[in-house]
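Novice: Input: one structure, supplied below.
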Amino acid sequence: MSDTMTPQRYGSNAGQPLTRRDGLAKVTGTATFAADNTPEGLLYAVYVPAAIARGRVVHLNVEAATAVAGVTHVMTPQNRPPLQGDPEAKPNGFSFIVDVLQNDGVRYAGQPIALVVGETLEAATEGARLLAPRYEVADSETTLAGQGGEAVEPGAFGRPGGAEHGDVPAGHAAAVSAIDVVYETPAQYHNAMETHAVVAAWDGDRLHLDLPSQALSLSCASYAYFFGIPADNVTIRCPYIGGGFGSKAFPTGPQVLAILAARTAGRPVKLMLTRAQMFGPVGHRGATRQRLRLGIDGGAALTVLDHEGTAATSRFDDFIEPAANASQGLYAAEALRSAHRAVRLDVGTPGPMRAPGEASGSAALECAMDEMALLAGLDPLKFRLRNYAEVEPGTGKPYSSKALRACYAEGAKRFGWADRPMEPGRMRDARGLLTGWGMGTALFGCPMFEAEATATLRADGSALVETSAIDMGQGAWTALAQIAADSLGLPMDRVEFRAGHSSLPNAGIAGGSGHTATAGGALHAAGRDAIRKLGEIAAADPDSPLHGSGNADFTARDGRLYVAGDDSRSEDFAAILSRAGAVDLTGAGSASRPAADAEAHAMNSHGAVFAEVKVDPDLCQVRVTRLVGAFAAGRIINPRLTESQLMGGMIWGISFALHEEAKHDPRSGRIMNADLAGYHVPVNADVRGLEVLTIHEDDPYVNALGIKGVGEIGVTGTVGAIANAIWHATGKRARRFPIRIEDLLD
Amino acid sequence: MSLSISLTLNGVVRDIVLDDPRVTLLDLLRERLALPGTKKGCDRGQCGACTVLLNGKRMNACLTLAATLDGATVTTIEGLADGDALHPVQTAFLENDGFQCGYCTPGQIMSAVGLIAEGRAGDDPERIREGMSGNICRCAAYHGITRAVQEATRRMAAAERGDAA
Ligand code: FES
Ligand code: FES
């Protein structure tokens, strides 16, 4: 049996709204991101992105580039030194095919077609410009519109299966009222503020990388694959990531090329993608078209929830947005179907982007639920409650915990939902702006990966805890240290926490909203192991007040070890360790979810999001004026950071609903708005009236700590809530995202 | 070719020989003067990550050619605190969780210092949001940023009143 059922005692750190431990470094500019490193002898690399979406490069003016003062190397498909790993294959199941000048072909705009290295960034940039590529252009296809696509063969990462429960044709037939609607979502690009970067230095056959990676151990193995060296020969230093959102979990072509250039040059090389280069070889959220068919019986119960997603992927690799799966696990429909199709386009391969599948799928589903509620003549919240799932629909599995009812109730109360008129277009504010209220259900899974950690009690009673965890803004430096400190019964300032380096015990992946649970679980286990060992030493030590308590459990708090349930018997860590020879005592721990636990329950974070929008009746400009999210996500380790994460996610929801869209020029296949002026993301003025409530939830099944994760759920629910509010304000139902003024004009 | 400029950088007069006339202030700081606290997010004036104070005014360092800065005064994030004593804006960002990944943060903080000096926003959240909208935060820490700027504005105003009294 797993650890999950053992009741855990908690110390004083978890649950506290501590400020960030890395905050001082971040506000003083001393937090070092990858490209902030400038080692001795550094060269700069700049690559040339393809300006066509399909065809061949027929000429590069290598002479001109080479002639630039300060340019040291010009790398093209003609002279690119060999790689030991085939770029058309993948280093492991959790990676994508990369473009590293393996031939002169172009398969998407933005693909690297040459690399220039120079003594300065200016020289390399000038050299890259002078390469002036000429192309043989082939016709390209970059939009989903009008394409039916192919069925997805499920299995590997990026190829989602579907699901079918109950009798779907019968569900359709039994409906007394039904909708059949199509929603479209665009290609979106992660655009972390820190662009992808690397500073690569070789030392013989050892490779040192400063590189932002959401998965240090996997990244070491992946880069090692390309260069034919053991994974142990690669070290990655990554104390901070300037935002990842899923885009920094995989090796990318430009980074491989820079590492290759460093090997060729025998000097360290820095490469930092330009903003425009972020639109191509480093992943994106693929465009989708989703058909939703919902039916209800006379009592407004769903007879069927039938969701088909068609998603864009590249011609040469698979990441098919699992959008339709958002309809699994949420509403109690008699019959449920999710299916996916793929359309191959001349675009870079998509990848997971904050709430992959769920964000796009939830956007469509929550709108469709509103459309169905309207036909049912029910308030949207009442309709969702009417179809509330007490057990996982289809599978009948119990939920490990599900405080969604409380999320609905608390969120609605805080928002004032009860005053909402049923009909659209009924509310105006004092300035005459159309006002609308909408809501959506939020849901995200709570996966766990695998992680390891160590915890060392030092002779002075302080501790060192280590795991290769990644802080990309979610607050790992702080939240994980809180968990570690509690597992050791120490105050935070007695715990040194090392993370962000590949040489540390493997903390797994910072993704899937599972990092705190997974790395935290490993730290927790390591701390308990150290305490157990300390207890053994004390119990065997005749001079310790704990002597002879061999079979008892031990607890620790404030740097003292106690016999469990007997506060009269305790001793200071340092005293125990000093009699034992002042040695350091190391505990080790790991975390993962046992398969049996994963099977027995459906596990999700849940939430309810309520949105208010105001729409100018003449100009149709839309503003989100209030957004209240109530979320139940298991144990909250740090409420301050959790609120920030959830708000960040909700603002991503605003962005999805109203701002983000990469637009291709159909003639060239290039993205027309590949910069932060044309590719809109919310700025501060777009955000007001945000409120987050967290609903208490004890979950004894998800993991030993009861943590579910909060990194992605905020995006889900929010998009639909805003779209539904726009409908409620205007009476106009826009079925493509982002919703623009022209969608609302008469 | 080389070009010399003299500028006051974080309170210190620096004589700098530029190896290239194309060097921006941002690349001068980051790649040549070991001051990488100022960040590059777009290199074309669209994100604000590179915001510094140039002669007391907030400026995108990526849009400023270093060669134009002879005689200028530049303050970067590294020069904002007074030794170990944080600038009130830095403290307020820390306390209000005005960041997540921290990448946009130096630019946000320098921009906030500039905004407060401009005196256009006061502690009005709407005007702060508007005045801070040249600084994109993809982590979307805007709620905390706005509160931080509000709080720093009030604290700095209070401190000034205290000084005057
Ligand atoms: S880097 Fe200067 S504004 Fe973006
Ligand atoms: S804190 Fe990450 S971009 Fe602002």
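Lettering and numbering for the structure tokens are positional, with chains as A, B, ... in the shown order, residues counted from 1 in each chain, and ligands counted from 1 in the shown order.
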List every residue of chain A that has an atom at most 8 Å from any atom of ligand 2, and for each one report the closest atom pair and its distance in Å to one decimal, counting only C-alpha atoms and all ligand atoms, with rows sorted by chain and then by increasing residue number, as CSV.
Specialist:
residue,atom,partner,partner_atom_place_in_ligand_line,distance
A:Ala192,CA,ligand 2,3 (S),6.7
A:Met193,CA,ligand 2,3 (S),5.1
A:Glu194,CA,ligand 2,3 (S),7.6
A:Gly242,CA,ligand 2,2 (Fe),5.7
A:Gly243,CA,ligand 2,2 (Fe),5.5
A:Met472,CA,ligand 2,2 (Fe),7.9
A:Gly473,CA,ligand 2,2 (Fe),6.3
Novice: Mind writing the picked residues with N, CA and C atoms as a compact mmCIF listing (two decimals), in the first residue's frame?
Specialist:
# COMPACT_ATOMS: atom_id res chain seq x y z
N ALA A 192 7.15 33.21 -23.77
CA ALA A 192 7.73 33.56 -22.47
C ALA A 192 8.56 34.82 -22.65
N MET A 193 8.63 35.66 -21.63
CA MET A 193 9.38 36.91 -21.80
C MET A 193 10.86 36.63 -22.06
N GLU A 194 11.39 35.60 -21.43
CA GLU A 194 12.75 35.18 -21.76
C GLU A 194 12.65 34.30 -23.00
N GLY A 242 12.80 32.25 -17.34
CA GLY A 242 11.98 33.44 -17.53
C GLY A 242 10.66 33.12 -18.20
N GLY A 243 9.95 32.19 -17.61
CA GLY A 243 8.68 31.72 -18.17
C GLY A 243 8.92 30.57 -19.11
N MET A 472 10.12 28.34 -12.57
CA MET A 472 9.88 29.17 -13.76
C MET A 472 8.83 30.22 -13.45
N GLY A 473 8.74 30.55 -12.16
CA GLY A 473 7.80 31.59 -11.78
C GLY A 473 6.69 31.07 -10.90
Novice: Within 6 Å of ligand 1 (counting only C-alpha atoms and all ligand atoms), which residues show up? I'd like them as a list in words.
Specialist: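 Counting only what the definition allows, namely only C-alpha atoms and all ligand atoms, the set is Lys40, Gly41, Cys42, Asp43, Arg44, Gly45, Gln46, Cys47, Gly48, Ala49, Cys50, Asn60, Ala61 and Cys62 of chain B.
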Novice: For chain B, work out the contacting residues on chain A at 7 Å, counting only C-alpha atoms, and write them as a PDB file with C-alpha atoms, in the first residue's frame.
Specialist:
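Written output follows (part-v8.pdb):
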ATOM      1  CA  THR A  19       7.155  35.956   0.091  1.00  0.00           C
ATOM      2  CA  GLY A  23      12.444  37.550  -4.548  1.00  0.00           C
ATOM      3  CA  LYS A  26      14.666  39.068  -8.743  1.00  0.00           C
ATOM      4  CA  VAL A  27      14.044  42.621  -7.568  1.00  0.00           C
ATOM      5  CA  THR A  28      17.727  43.517  -7.519  1.00  0.00           C
ATOM      6  CA  GLY A  29      18.540  42.126 -10.962  1.00  0.00           C
ATOM      7  CA  THR A  30      20.909  39.518  -9.592  1.00  0.00           C
ATOM      8  CA  ASP A  36      22.935  36.585 -18.568  1.00  0.00           C
ATOM      9  CA  THR A  38      29.043  35.776 -20.497  1.00  0.00           C
ATOM     10  CA  GLU A 122      26.466  42.749 -33.841  1.00  0.00           C
ATOM     11  CA  ALA A 192       7.729  33.557 -22.467  1.00  0.00           C
ATOM     12  CA  MET A 193       9.378  36.906 -21.800  1.00  0.00           C
ATOM     13  CA  GLU A 194      12.752  35.184 -21.765  1.00  0.00           C
ATOM     14  CA  THR A 195      13.254  33.870 -25.262  1.00  0.00           C
ATOM     15  CA  ILE A 241      13.512  30.290 -16.158  1.00  0.00           C
ATOM     16  CA  GLY A 242      11.980  33.440 -17.534  1.00  0.00           C
ATOM     17  CA  GLY A 243       8.676  31.724 -18.165  1.00  0.00           C
ATOM     18  CA  THR A 274      14.946  36.970 -31.140  1.00  0.00           C
ATOM     19  CA  ARG A 275      11.280  37.567 -30.370  1.00  0.00           C
ATOM     20  CA  MET A 472       9.878  29.167 -13.756  1.00  0.00           C
ATOM     21  CA  GLY A 473       7.803  31.591 -11.781  1.00  0.00           C
ATOM     22  CA  GLN A 474       5.464  29.193 -10.064  1.00  0.00           C
ATOM     23  CA  SER A 644      -0.490  34.678  -8.292  1.00  0.00           C
ATOM     24  CA  GLY A 648      -1.796  34.450 -14.063  1.00  0.00           C
ATOM     25  CA  ILE A 651      -5.231  36.408 -17.363  1.00  0.00           C
ATOM     26  CA  LEU A 676       4.839  41.677 -29.436  1.00  0.00           C
ATOM     27  CA  ALA A 677       3.263  44.608 -31.227  1.00  0.00           C
ATOM     28  CA  VAL A 683      -0.871  44.380 -20.722  1.00  0.00           C
ATOM     29  CA  ASN A 684      -1.555  45.812 -17.309  1.00  0.00           C
ATOM     30  CA  ALA A 685      -4.373  48.045 -18.559  1.00  0.00           C
TER      31      ALA A 685
END
Novice: If you measure from atom CA of Val74 of chain B to atom CA of Cys238 of chain A, what distance in Å do you get, rounded to one decimal?
Specialist: 29.4 Å
Novice: Which parts of segment 484-705 of chain A does DSSP call helix (DSSP H, G or I) when run on the backbone here, written out as an MDAnalysis selection string?
Specialist: chainID A and resid 484:488 492:494 515:539 573:579 595:600 639:658 684:686
Novice: What does the file look like for those residues with C-alpha atoms, as a PDB file, in the first residue's frame?
Specialist:
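Output (again_32.pdb):
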ATOM      1  CA  ALA A 484      11.117  20.408   2.907  1.00  0.00           C
ATOM      2  CA  ALA A 485      11.327  22.466   6.085  1.00  0.00           C
ATOM      3  CA  ASP A 486       8.127  20.911   7.410  1.00  0.00           C
ATOM      4  CA  SER A 487       9.260  17.399   6.622  1.00  0.00           C
ATOM      5  CA  LEU A 488      12.316  18.081   8.767  1.00  0.00           C
ATOM      6  CA  MET A 492      12.686  27.964   6.851  1.00  0.00           C
ATOM      7  CA  ASP A 493      15.832  29.857   7.722  1.00  0.00           C
ATOM      8  CA  ARG A 494      17.508  26.667   8.911  1.00  0.00           C
ATOM      9  CA  HIS A 515       5.892  19.873 -10.008  1.00  0.00           C
ATOM     10  CA  THR A 516       5.021  20.908  -6.482  1.00  0.00           C
ATOM     11  CA  ALA A 517       3.296  17.607  -5.858  1.00  0.00           C
ATOM     12  CA  THR A 518       6.081  15.546  -7.395  1.00  0.00           C
ATOM     13  CA  ALA A 519       9.265  17.334  -6.349  1.00  0.00           C
ATOM     14  CA  GLY A 520       7.560  18.303  -3.097  1.00  0.00           C
ATOM     15  CA  GLY A 521       6.623  14.691  -2.527  1.00  0.00           C
ATOM     16  CA  ALA A 522      10.219  13.619  -2.996  1.00  0.00           C
ATOM     17  CA  LEU A 523      11.483  16.291  -0.610  1.00  0.00           C
ATOM     18  CA  HIS A 524       8.864  15.306   1.922  1.00  0.00           C
ATOM     19  CA  ALA A 525       9.900  11.673   1.685  1.00  0.00           C
ATOM     20  CA  ALA A 526      13.578  12.581   1.953  1.00  0.00           C
ATOM     21  CA  GLY A 527      12.936  14.684   5.030  1.00  0.00           C
ATOM     22  CA  ARG A 528      10.980  11.914   6.686  1.00  0.00           C
ATOM     23  CA  ASP A 529      13.732   9.468   5.868  1.00  0.00           C
ATOM     24  CA  ALA A 530      16.303  11.738   7.517  1.00  0.00           C
ATOM     25  CA  ILE A 531      14.090  12.110  10.588  1.00  0.00           C
ATOM     26  CA  ARG A 532      13.551   8.363  10.762  1.00  0.00           C
ATOM     27  CA  LYS A 533      17.306   7.796  10.655  1.00  0.00           C
ATOM     28  CA  LEU A 534      17.854  10.431  13.312  1.00  0.00           C
ATOM     29  CA  GLY A 535      15.271   8.658  15.439  1.00  0.00           C
ATOM     30  CA  GLU A 536      17.134   5.388  15.074  1.00  0.00           C
ATOM     31  CA  ILE A 537      20.332   7.029  16.240  1.00  0.00           C
ATOM     32  CA  ALA A 538      18.617   8.649  19.218  1.00  0.00           C
ATOM     33  CA  ALA A 539      16.769   5.502  20.186  1.00  0.00           C
ATOM     34  CA  PHE A 573      18.806  17.555  16.449  1.00  0.00           C
ATOM     35  CA  ALA A 574      22.260  19.020  17.021  1.00  0.00           C
ATOM     36  CA  ALA A 575      22.648  17.298  20.373  1.00  0.00           C
ATOM     37  CA  ILE A 576      21.786  13.907  18.894  1.00  0.00           C
ATOM     38  CA  LEU A 577      24.126  14.418  15.967  1.00  0.00           C
ATOM     39  CA  SER A 578      26.963  15.749  18.046  1.00  0.00           C
ATOM     40  CA  ARG A 579      27.028  12.645  20.258  1.00  0.00           C
ATOM     41  CA  ALA A 595      -0.517   2.797 -10.543  1.00  0.00           C
ATOM     42  CA  ALA A 596      -3.166   1.338  -8.263  1.00  0.00           C
ATOM     43  CA  ASP A 597      -3.883   4.746  -6.729  1.00  0.00           C
ATOM     44  CA  ALA A 598      -4.074   6.310 -10.151  1.00  0.00           C
ATOM     45  CA  GLU A 599      -6.561   3.667 -11.250  1.00  0.00           C
ATOM     46  CA  ALA A 600      -8.836   3.805  -8.250  1.00  0.00           C
ATOM     47  CA  PRO A 639      -1.503  30.974  -0.615  1.00  0.00           C
ATOM     48  CA  ARG A 640       0.330  34.064  -1.865  1.00  0.00           C
ATOM     49  CA  LEU A 641       2.062  32.255  -4.704  1.00  0.00           C
ATOM     50  CA  THR A 642      -1.029  30.210  -5.430  1.00  0.00           C
ATOM     51  CA  GLU A 643      -3.096  33.331  -5.884  1.00  0.00           C
ATOM     52  CA  SER A 644      -0.490  34.678  -8.292  1.00  0.00           C
ATOM     53  CA  GLN A 645      -0.470  31.433 -10.262  1.00  0.00           C
ATOM     54  CA  LEU A 646      -4.229  31.283 -10.498  1.00  0.00           C
ATOM     55  CA  MET A 647      -4.500  34.931 -11.471  1.00  0.00           C
ATOM     56  CA  GLY A 648      -1.796  34.450 -14.063  1.00  0.00           C
ATOM     57  CA  GLY A 649      -3.796  31.575 -15.491  1.00  0.00           C
ATOM     58  CA  MET A 650      -6.998  33.604 -15.512  1.00  0.00           C
ATOM     59  CA  ILE A 651      -5.231  36.408 -17.363  1.00  0.00           C
ATOM     60  CA  TRP A 652      -4.122  33.806 -19.877  1.00  0.00           C
ATOM     61  CA  GLY A 653      -7.831  33.126 -20.163  1.00  0.00           C
ATOM     62  CA  ILE A 654      -8.461  36.801 -20.950  1.00  0.00           C
ATOM     63  CA  SER A 655      -5.686  36.552 -23.490  1.00  0.00           C
ATOM     64  CA  PHE A 656      -7.185  33.459 -25.128  1.00  0.00           C
ATOM     65  CA  ALA A 657     -10.641  34.963 -25.202  1.00  0.00           C
ATOM     66  CA  LEU A 658      -9.743  38.406 -26.502  1.00  0.00           C
ATOM     67  CA  ASN A 684      -1.555  45.812 -17.309  1.00  0.00           C
ATOM     68  CA  ALA A 685      -4.373  48.045 -18.559  1.00  0.00           C
ATOM     69  CA  ASP A 686      -6.271  44.946 -19.761  1.00  0.00           C
TER      70      ASP A 686
END
Novice: Would you pick out the contacts of Leu7 of chain B at 10 Å or less, using only C-alpha atoms, so that residues sharing its chain but fewer than 5 positions from it are not included, and give the list as an MDAnalysis selection string?
Specialist: chainID B and resid 12:16 66 69:74
Novice: Choose the residue, out of A:Ala201, A:Ala50, A:Ala632, A:Ala123, that has the smallest atom-to-atom separation from Val74 of chain A; count only C-alpha atoms.
Specialist: A:Ala123
